[in-house]
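Novice: Quick one, coords.txt (compact mmCIF, C-alpha atoms and all ligand atoms):
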```txt
# COMPACT_ATOMS: atom_id res chain seq x y z
CA MET J 1354 118.90 96.57 35.64
CA ALA J 1355 121.50 96.12 32.96
CA GLU J 1356 124.16 93.61 33.84
CA THR J 1357 127.67 94.93 33.98
CA GLY J 1358 130.65 92.73 33.23
CA PRO J 1359 132.92 92.89 36.23
CA SER J 1360 134.90 89.84 35.25
CA VAL J 1361 135.80 91.41 31.88
CA GLU J 1362 136.76 94.66 33.58
CA PHE J 1363 138.88 92.75 36.07
CA SER J 1364 140.82 90.74 33.53
CA THR J 1365 141.39 93.86 31.41
CA SER J 1366 142.85 95.73 34.34
CA LEU J 1367 145.21 92.87 35.14
CA THR J 1368 146.79 92.97 31.71
CA SER J 1369 146.88 96.74 31.51
CA SER J 1370 150.17 98.54 31.21
CA SER J 1371 148.95 100.89 33.92
CA LEU J 1372 149.74 98.27 36.56
CA PRO J 1373 152.02 99.60 39.29
CA PRO J 1374 155.61 98.44 38.92
CA PRO J 1375 156.52 95.32 40.90
CA ARG J 1376 157.51 96.11 44.43
CA THR J 1377 161.04 95.58 45.63
CA ARG J 1378 161.09 93.58 48.81
CA ILE J 1379 163.33 94.80 51.57
CA PHE J 1380 164.95 92.55 54.12
CA LYS J 1381 165.93 94.28 57.31
CA ILE J 1382 168.87 92.56 58.96
CA ILE J 1383 170.27 93.89 62.22
CA VAL J 1384 173.90 93.36 63.07
CA ILE J 1385 174.67 93.36 66.77
CA GLY J 1386 177.57 92.64 69.09
CA ASP J 1387 180.14 94.36 71.31
CA SER J 1388 181.87 97.54 70.28
CA GLY J 1389 184.90 96.96 68.08
CA VAL J 1390 184.03 93.46 66.85
CA GLY J 1391 183.79 94.74 63.27
CA LYS J 1392 180.08 95.27 62.58
CA THR J 1393 180.72 98.43 60.59
CA CYS J 1394 183.51 96.77 58.61
CA LEU J 1395 181.43 93.68 57.80
CA THR J 1396 178.41 95.66 56.64
CA TYR J 1397 180.61 98.06 54.70
CA ARG J 1398 182.41 95.17 53.07
CA PHE J 1399 179.12 93.69 51.89
CA CYS J 1400 177.54 96.96 50.71
CA ALA J 1401 180.54 98.90 49.41
CA GLY J 1402 182.64 95.87 48.41
CA ARG J 1403 185.75 96.81 50.38
CA PHE J 1404 187.21 97.20 53.85
CA PRO J 1405 186.77 100.77 55.12
CA GLU J 1406 189.97 102.74 55.51
CA LYS J 1407 188.97 103.97 58.91
CA THR J 1408 185.99 103.56 61.17
CA GLU J 1409 184.71 105.31 64.22
CA ALA J 1410 182.44 103.96 66.90
CA THR J 1411 178.91 103.84 65.56
CA ILE J 1412 176.56 106.30 67.20
CA GLY J 1413 172.98 105.15 67.16
CA VAL J 1414 172.70 103.15 63.97
CA ASP J 1415 174.05 103.22 60.43
CA PHE J 1416 172.06 101.84 57.54
CA ARG J 1417 173.70 100.24 54.57
CA GLU J 1418 171.77 98.90 51.63
CA ARG J 1419 172.50 96.76 48.67
CA LEU J 1420 170.26 95.60 45.87
CA VAL J 1421 170.84 91.96 45.00
CA GLU J 1422 169.17 89.63 42.57
CA ILE J 1423 168.05 86.22 43.78
CA ASP J 1424 166.34 83.82 41.39
CA GLY J 1425 165.47 86.69 39.07
CA GLU J 1426 163.98 88.88 41.81
CA LYS J 1427 165.62 92.13 42.86
CA ILE J 1428 165.76 92.35 46.63
CA LYS J 1429 167.05 95.14 48.80
CA ILE J 1430 169.14 94.02 51.72
CA GLN J 1431 169.11 96.66 54.41
CA LEU J 1432 171.79 96.15 57.04
CA TRP J 1433 171.36 97.97 60.33
CA ASP J 1434 174.80 98.45 61.79
CA THR J 1435 174.06 99.08 65.44
CA ALA J 1436 176.28 100.76 68.02
CA GLY J 1437 178.07 98.34 70.32
CA GLN J 1438 178.63 100.92 73.03
CA GLU J 1439 175.76 101.15 75.45
CA ARG J 1440 175.94 104.93 75.70
CA PHE J 1441 175.53 105.24 71.92
CA ARG J 1442 172.64 102.85 71.60
CA LYS J 1443 170.22 103.32 74.43
CA SER J 1444 167.91 105.82 72.76
CA MET J 1445 167.83 103.83 69.50
CA VAL J 1446 167.23 100.31 70.71
CA GLN J 1447 163.49 100.39 70.09
CA HIS J 1448 164.08 101.20 66.41
CA TYR J 1449 166.53 98.39 65.87
CA TYR J 1450 164.12 95.66 66.75
CA ARG J 1451 161.07 96.80 64.83
CA ASN J 1452 160.15 94.64 61.83
CA VAL J 1453 163.39 92.71 61.84
CA HIS J 1454 163.76 89.88 59.35
CA ALA J 1455 167.06 88.44 60.55
CA VAL J 1456 169.74 88.99 63.16
CA VAL J 1457 173.49 88.69 62.75
CA PHE J 1458 175.37 88.33 66.05
CA VAL J 1459 179.03 89.26 65.73
CA TYR J 1460 181.93 88.54 68.06
CA ASP J 1461 185.65 89.07 67.59
CA VAL J 1462 187.62 85.80 67.51
CA THR J 1463 190.58 87.62 69.09
CA ASN J 1464 188.48 88.94 71.99
CA ALA J 1465 187.00 86.39 74.39
CA THR J 1466 185.00 89.09 76.17
CA SER J 1467 183.06 89.82 73.01
CA PHE J 1468 182.18 86.13 72.80
CA ARG J 1469 181.12 86.02 76.45
CA SER J 1470 178.79 88.96 75.79
CA LEU J 1471 176.74 86.99 73.27
CA PRO J 1472 174.17 85.67 75.79
CA ALA J 1473 173.42 89.28 76.77
CA TRP J 1474 172.83 90.21 73.12
CA ILE J 1475 170.58 87.20 72.67
CA GLU J 1476 168.70 88.18 75.80
CA GLU J 1477 168.22 91.71 74.49
CA CYS J 1478 166.64 90.28 71.33
CA LYS J 1479 164.35 88.18 73.47
CA GLN J 1480 163.32 91.19 75.51
CA HIS J 1481 162.33 92.94 72.31
CA ALA J 1482 160.06 90.08 71.35
CA LEU J 1483 162.24 88.70 68.60
CA GLY J 1484 161.07 85.11 68.37
CA THR J 1485 163.15 82.12 67.38
CA GLU J 1486 161.33 82.12 64.03
CA VAL J 1487 163.51 85.10 63.05
CA PRO J 1488 166.63 83.65 61.39
CA ARG J 1489 169.84 84.29 63.32
CA ILE J 1490 173.42 83.65 62.45
CA LEU J 1491 176.61 83.88 64.44
CA VAL J 1492 179.69 85.48 62.90
CA GLY J 1493 183.19 85.29 64.38
CA ASN J 1494 185.11 88.15 62.77
CA LYS J 1495 188.83 89.03 62.41
CA CYS J 1496 189.96 85.55 61.41
CA ASP J 1497 192.88 87.12 59.57
CA LEU J 1498 194.52 87.65 63.00
CA GLN J 1499 195.40 83.98 63.33
CA ASP J 1500 198.10 84.52 65.98
CA SER J 1501 195.70 86.24 68.36
CA ILE J 1502 192.76 83.86 68.37
CA GLN J 1503 191.07 83.62 71.78
CA VAL J 1504 187.84 81.86 70.79
CA SER J 1505 188.29 78.45 69.25
CA THR J 1506 186.02 77.21 66.51
CA ASP J 1507 184.95 74.27 68.71
CA VAL J 1508 183.76 76.48 71.53
CA ALA J 1509 181.99 78.83 69.14
CA GLN J 1510 180.34 75.91 67.35
CA GLN J 1511 179.05 74.50 70.63
CA PHE J 1512 177.53 77.86 71.44
CA ALA J 1513 176.00 78.15 67.98
CA ASP J 1514 174.52 74.65 68.24
CA LEU J 1515 173.09 75.42 71.66
CA HIS J 1516 171.29 78.41 70.20
CA SER J 1517 170.41 76.75 66.88
CA MET J 1518 172.39 79.22 64.80
CA PRO J 1519 174.76 78.56 61.94
CA LEU J 1520 178.31 79.73 62.69
CA PHE J 1521 180.49 81.58 60.18
CA GLU J 1522 184.05 82.58 60.91
CA THR J 1523 185.42 85.23 58.62
CA SER J 1524 187.34 88.44 58.26
CA ALA J 1525 185.95 91.73 57.03
CA LYS J 1526 189.52 92.70 56.23
CA ASN J 1527 190.38 89.64 54.21
CA PRO J 1528 187.04 88.13 53.29
CA ASN J 1529 188.67 85.11 51.67
CA SER J 1530 189.75 83.93 55.10
CA GLN J 1531 187.74 80.88 56.10
CA GLY J 1532 188.53 81.04 59.79
CA ASP J 1533 190.64 77.90 59.93
CA GLY J 1534 193.73 79.64 58.67
CA THR J 1535 193.01 78.55 55.13
CA TYR J 1536 191.74 80.75 52.40
CA GLY J 1537 188.69 80.19 50.25
CA GLY J 1538 189.31 79.05 46.73
CA GLY J 1539 189.78 81.61 43.99
CA ASN J 1540 188.12 84.94 44.55
CA SER J 1541 185.35 83.69 46.77
CA ASP J 1542 184.24 86.40 49.14
CA HIS J 1543 183.17 84.86 52.40
CA VAL J 1544 181.50 87.99 53.78
CA GLU J 1545 179.43 88.21 50.63
CA ALA J 1546 178.46 84.56 50.94
CA ILE J 1547 177.37 85.02 54.56
CA PHE J 1548 174.91 87.81 53.87
CA MET J 1549 173.69 86.17 50.67
CA THR J 1550 172.99 82.99 52.63
CA VAL J 1551 170.75 84.98 54.95
CA ALA J 1552 169.05 86.66 51.98
CA HIS J 1553 168.35 83.32 50.31
CA LYS J 1554 166.85 82.01 53.51
CA LEU J 1555 164.67 85.07 53.86
CA LYS J 1556 163.56 84.95 50.26
CA SER J 1557 162.43 81.38 50.67
CA GLN J 1558 160.35 82.48 53.66
CA LYS J 1559 158.69 85.20 51.58
CA PRO J 1560 158.19 87.97 54.14
CA LEU J 1561 155.31 90.20 53.16
CA VAL J 1562 156.09 93.36 55.07
CA LEU J 1563 158.60 96.05 54.27
CA SER J 1564 158.48 96.59 50.57
CA GLN J 1565 158.70 99.67 48.47
CA PRO J 1566 158.17 100.52 44.82
CA PRO J 1567 161.46 100.79 42.92
CA GLY J 1568 162.89 104.25 43.52
CA GLY J 1569 160.47 104.87 46.37
CA SER J 1570 161.41 106.48 49.62
CA GLY J 1571 161.14 103.29 51.63
CA GLY J 1572 158.48 101.76 53.77
CA THR J 1573 160.72 100.83 56.62
CA ILE J 1574 161.44 104.07 58.34
CA ASN J 1575 161.45 107.68 57.32
CA LEU J 1576 165.04 108.64 56.69
CA SER J 1577 164.34 112.03 55.25
CA SER J 1578 165.73 114.14 58.06
CA GLY J 1579 168.94 114.03 60.05
CA VAL J 1580 170.43 111.58 57.61
CA ASN J 1581 173.99 111.50 56.35
CA ASP J 1582 174.36 109.91 52.97
CA ARG J 1583 178.00 108.97 52.59
CA GLY J 1584 177.88 107.60 49.08
CA ASP J 1585 178.59 104.03 50.19
CA GLY J 1586 174.95 103.09 50.46
CA SER J 1587 174.94 104.14 54.09
CA ARG J 1588 172.88 106.53 56.09
CA SER J 1589 172.90 107.14 59.78
CA TRP J 1590 170.65 108.01 62.61
CA GLY J 1591 172.34 109.39 65.66
CA CYS J 1592 171.04 109.52 69.15
CA SER J 1593 170.90 112.62 71.26
CA CYS J 1594 173.28 111.34 73.91
N1 LIG F 1 192.33 92.70 61.47
C1 LIG F 1 191.04 92.99 61.35
N2 LIG F 1 190.55 94.13 61.88
C2 LIG F 1 189.22 94.38 61.74
C3 LIG F 1 188.34 93.50 61.08
N3 LIG F 1 187.11 94.02 61.13
C4 LIG F 1 187.21 95.17 61.79
N4 LIG F 1 188.48 95.41 62.16
C5 LIG F 1 188.98 96.56 62.92
O1 LIG F 1 188.33 96.56 64.18
C6 LIG F 1 188.07 97.91 64.59
C7 LIG F 1 186.60 98.07 64.92
O2 LIG F 1 185.85 97.84 63.76
P1 LIG F 1 184.36 98.40 63.59
O3 LIG F 1 183.80 97.81 62.35
O4 LIG F 1 184.33 99.87 63.72
O5 LIG F 1 183.65 97.77 64.89
P2 LIG F 1 182.13 97.91 65.37
O6 LIG F 1 181.72 96.57 65.84
O7 LIG F 1 181.31 98.50 64.28
O8 LIG F 1 182.24 98.93 66.59
P3 LIG F 1 181.09 99.91 67.21
O9 LIG F 1 180.65 100.81 66.12
O10 LIG F 1 181.78 100.64 68.32
O11 LIG F 1 180.00 99.02 67.74
C8 LIG F 1 188.55 98.82 63.46
O12 LIG F 1 189.86 99.29 63.79
C9 LIG F 1 188.63 97.89 62.26
O13 LIG F 1 189.62 98.27 61.33
C10 LIG F 1 188.89 92.29 60.53
O14 LIG F 1 188.23 91.45 59.94
N5 LIG F 1 190.23 92.08 60.70
```
Would you give me this structure, written as structure tokens?
Ligand SMILES: Nc1nc2c(ncn2[C@@H]2O[C@H](COP(=O)(O)OP(=O)(O)OP(=O)(O)O)[C@@H](O)[C@H]2O)c(=O)[nH]1

Specialist:
Amino acid sequence: MAETGPSVEFSTSLTSSSLPPPRTRIFKIIVIGDSGVGKTCLTYRFCAGRFPEKTEATIGVDFRERLVEIDGEKIKIQLWDTAGQERFRKSMVQHYYRNVHAVVFVYDVTNATSFRSLPAWIEECKQHALGTEVPRILVGNKCDLQDSIQVSTDVAQQFADLHSMPLFETSAKNPNSQGDGTYGGGNSDHVEAIFMTVAHKLKSQKPLVLSQPPGGSGGTINLSSGVNDRGDGSRSWGCSC
């Protein structure tokens, strides 16, 4: 039998211009916390670059995406802005927790109740089999409202330490606010830095799931029907309640 040359064939195909384009990795980050803490505003700020003029309670889940470049690699950050109100989330909860790469817990620094709810949100993650290997961060939002603070940084830091999460205090409205009443130097955008920190961490962990070819329709979830594209990188999935 004549010998074929598989190794030659193989090396030729590797250098061929017919190779599929590199795949864009997607990081799915869910943002959870009580209603009104500012999840929509934070995700909007990161993806659209500004504070939304007006928001309504999220029904089901909103998706916002942004393509970022980290160390020369283009990565899609997909933020799942979940509904804080129980009645708007119950039929969607299963979807939130599937293939999650990171979790952002949000409370409102001017609302102690939203801080006290955090253990329940952590418990919900646990119930949906989200292990501690999934990076989590804690965000105290609305730091621009310095006169109304109800949750001190010390108390929040203790909680964050207890749950091995980094704590960020910020404001979706004024993202230069550092949470201690001071403002970040120059034009630094704290909200941007928070999500980019998560993205860097995820990139270093090299998740292998959830990728799509550039321009593809997405491997995460089929968004083709019942989707509202609002031109700010967001799409939504409502629930039937
Ligand atoms: N002052 C101030 N107000 C904020 C900030 N972030 C959000 N808000 C306001 O807080 C209210 C609720 O914000 P949302 O982003 O809709 O809250 P949410 O957590 O997404 O609420 P649900 O969708 O019901 O879960 C809105 O009136 C926002 O304008 C902030 O950083 N500072």

Novice: With 3 Å added on each side, what axis-aligned box encloses every listed atom of ligand LIG 1 (chain F)? Give the centre and edge lengths in Å to one decimal, as AutoDock Vina command-line options.

Specialist:
```
--center_x 186.2 --center_y 96.1 --center_z 64.1 --size_x 18.3 --size_y 15.4 --size_z 14.4
```

Novice: Which residues form the shell of 10 Å around ligand LIG 1 (chain F) when you count only C-alpha atoms and all ligand atoms, given as JSON, numbers by chain?

Specialist: {"J": [1384, 1385, 1386, 1387, 1388, 1389, 1390, 1391, 1392, 1393, 1394, 1395, 1396, 1397, 1398, 1404, 1405, 1406, 1407, 1408, 1409, 1410, 1411, 1412, 1413, 1414, 1415, 1434, 1435, 1436, 1437, 1438, 1439, 1441, 1442, 1459, 1460, 1461, 1462, 1463, 1467, 1493, 1494, 1495, 1496, 1497, 1498, 1499, 1522, 1523, 1524, 1525, 1526, 1527, 1528, 1530, 1544]}

Novice: Do you know which residues are at most 12 Å from J:Ala1552 counting all atoms listed in the file, after dropping those on the same chain fewer than 3 positions away, and could you put them as an mmCIF file with C-alpha atoms, in the frame of the given file?

Specialist:
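After the write, part_20.cif holds the following:
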```
data_model
loop_
_atom_site.group_PDB
_atom_site.id
_atom_site.type_symbol
_atom_site.label_atom_id
_atom_site.label_comp_id
_atom_site.auth_asym_id
_atom_site.auth_seq_id
_atom_site.Cartn_x
_atom_site.Cartn_y
_atom_site.Cartn_z
ATOM 1 C CA ARG J 1378 161.090 93.580 48.810
ATOM 2 C CA ILE J 1379 163.330 94.800 51.570
ATOM 3 C CA PHE J 1380 164.950 92.550 54.120
ATOM 4 C CA LYS J 1381 165.930 94.280 57.310
ATOM 5 C CA ILE J 1382 168.870 92.560 58.960
ATOM 6 C CA ARG J 1419 172.500 96.760 48.670
ATOM 7 C CA LEU J 1420 170.260 95.600 45.870
ATOM 8 C CA VAL J 1421 170.840 91.960 45.000
ATOM 9 C CA GLU J 1422 169.170 89.630 42.570
ATOM 10 C CA ILE J 1423 168.050 86.220 43.780
ATOM 11 C CA ASP J 1424 166.340 83.820 41.390
ATOM 12 C CA GLU J 1426 163.980 88.880 41.810
ATOM 13 C CA LYS J 1427 165.620 92.130 42.860
ATOM 14 C CA ILE J 1428 165.760 92.350 46.630
ATOM 15 C CA LYS J 1429 167.050 95.140 48.800
ATOM 16 C CA ILE J 1430 169.140 94.020 51.720
ATOM 17 C CA GLN J 1431 169.110 96.660 54.410
ATOM 18 C CA LEU J 1432 171.790 96.150 57.040
ATOM 19 C CA HIS J 1454 163.760 89.880 59.350
ATOM 20 C CA ALA J 1455 167.060 88.440 60.550
ATOM 21 C CA VAL J 1456 169.740 88.990 63.160
ATOM 22 C CA VAL J 1457 173.490 88.690 62.750
ATOM 23 C CA PRO J 1488 166.630 83.650 61.390
ATOM 24 C CA ARG J 1489 169.840 84.290 63.320
ATOM 25 C CA ILE J 1490 173.420 83.650 62.450
ATOM 26 C CA GLU J 1545 179.430 88.210 50.630
ATOM 27 C CA ALA J 1546 178.460 84.560 50.940
ATOM 28 C CA ILE J 1547 177.370 85.020 54.560
ATOM 29 C CA PHE J 1548 174.910 87.810 53.870
ATOM 30 C CA MET J 1549 173.690 86.170 50.670
ATOM 31 C CA LEU J 1555 164.670 85.070 53.860
ATOM 32 C CA LYS J 1556 163.560 84.950 50.260
ATOM 33 C CA SER J 1557 162.430 81.380 50.670
ATOM 34 C CA GLN J 1558 160.350 82.480 53.660
ATOM 35 C CA LYS J 1559 158.690 85.200 51.580
ATOM 36 C CA PRO J 1560 158.190 87.970 54.140
#
```

Novice: Between atom CA of J:Val1504 and atom CA of J:Ala1465, what distance in Å does the model show, to one decimal?

Specialist: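 Taking atom CA of J:Val1504 and atom CA of J:Ala1465, their separation equals 5.8 Å.
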
Novice: In the coordinates of the file, take the point (163.4, 95.5, 70.2) and a cut-off of 8 Å; then, counting all atoms listed in the file, name each qualifying protein, DNA or RNA residue as a ChimeraX atom specification.

Specialist: /J:1446-1451,1477-1478,1480-1483

Novice: Please dump the current selection as an mmCIF file, in the coordinates of the input; keep C-alpha atoms.

Specialist:
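New file result-v1.cif:
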```cif
data_model
loop_
_atom_site.group_PDB
_atom_site.id
_atom_site.type_symbol
_atom_site.label_atom_id
_atom_site.label_comp_id
_atom_site.auth_asym_id
_atom_site.auth_seq_id
_atom_site.Cartn_x
_atom_site.Cartn_y
_atom_site.Cartn_z
ATOM 1 C CA VAL J 1446 167.230 100.310 70.710
ATOM 2 C CA GLN J 1447 163.490 100.390 70.090
ATOM 3 C CA HIS J 1448 164.080 101.200 66.410
ATOM 4 C CA TYR J 1449 166.530 98.390 65.870
ATOM 5 C CA TYR J 1450 164.120 95.660 66.750
ATOM 6 C CA ARG J 1451 161.070 96.800 64.830
ATOM 7 C CA GLU J 1477 168.220 91.710 74.490
ATOM 8 C CA CYS J 1478 166.640 90.280 71.330
ATOM 9 C CA GLN J 1480 163.320 91.190 75.510
ATOM 10 C CA HIS J 1481 162.330 92.940 72.310
ATOM 11 C CA ALA J 1482 160.060 90.080 71.350
ATOM 12 C CA LEU J 1483 162.240 88.700 68.600
#
```

Novice: Rounded to one decimal, what separation in Å do you get between atom CA of J:Ile1383 and atom CA of J:Lys1554?

Specialist: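 Computing the Euclidean distance for atom CA of J:Ile1383 and atom CA of J:Lys1554 yields 15.1 Å.
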
Novice: Between atom CA of J:Leu1520 and atom CA of J:Arg1417, what distance in Å does the model show, to one decimal?

Specialist: 22.5 Å

Novice: I'd like to know which of J:Ile1502, J:Met1445, J:Leu1372, J:Met1518 is closest to J:Thr1485, using only C-alpha atoms.

Specialist: J:Met1518

Novice: Could you check which of J:Gln1503, J:Thr1377, J:Thr1550, J:Asn1452 is closest to J:Val1487, using only C-alpha atoms?

Specialist: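 Counting only C-alpha atoms, the residue closest to J:Val1487 is J:Asn1452.
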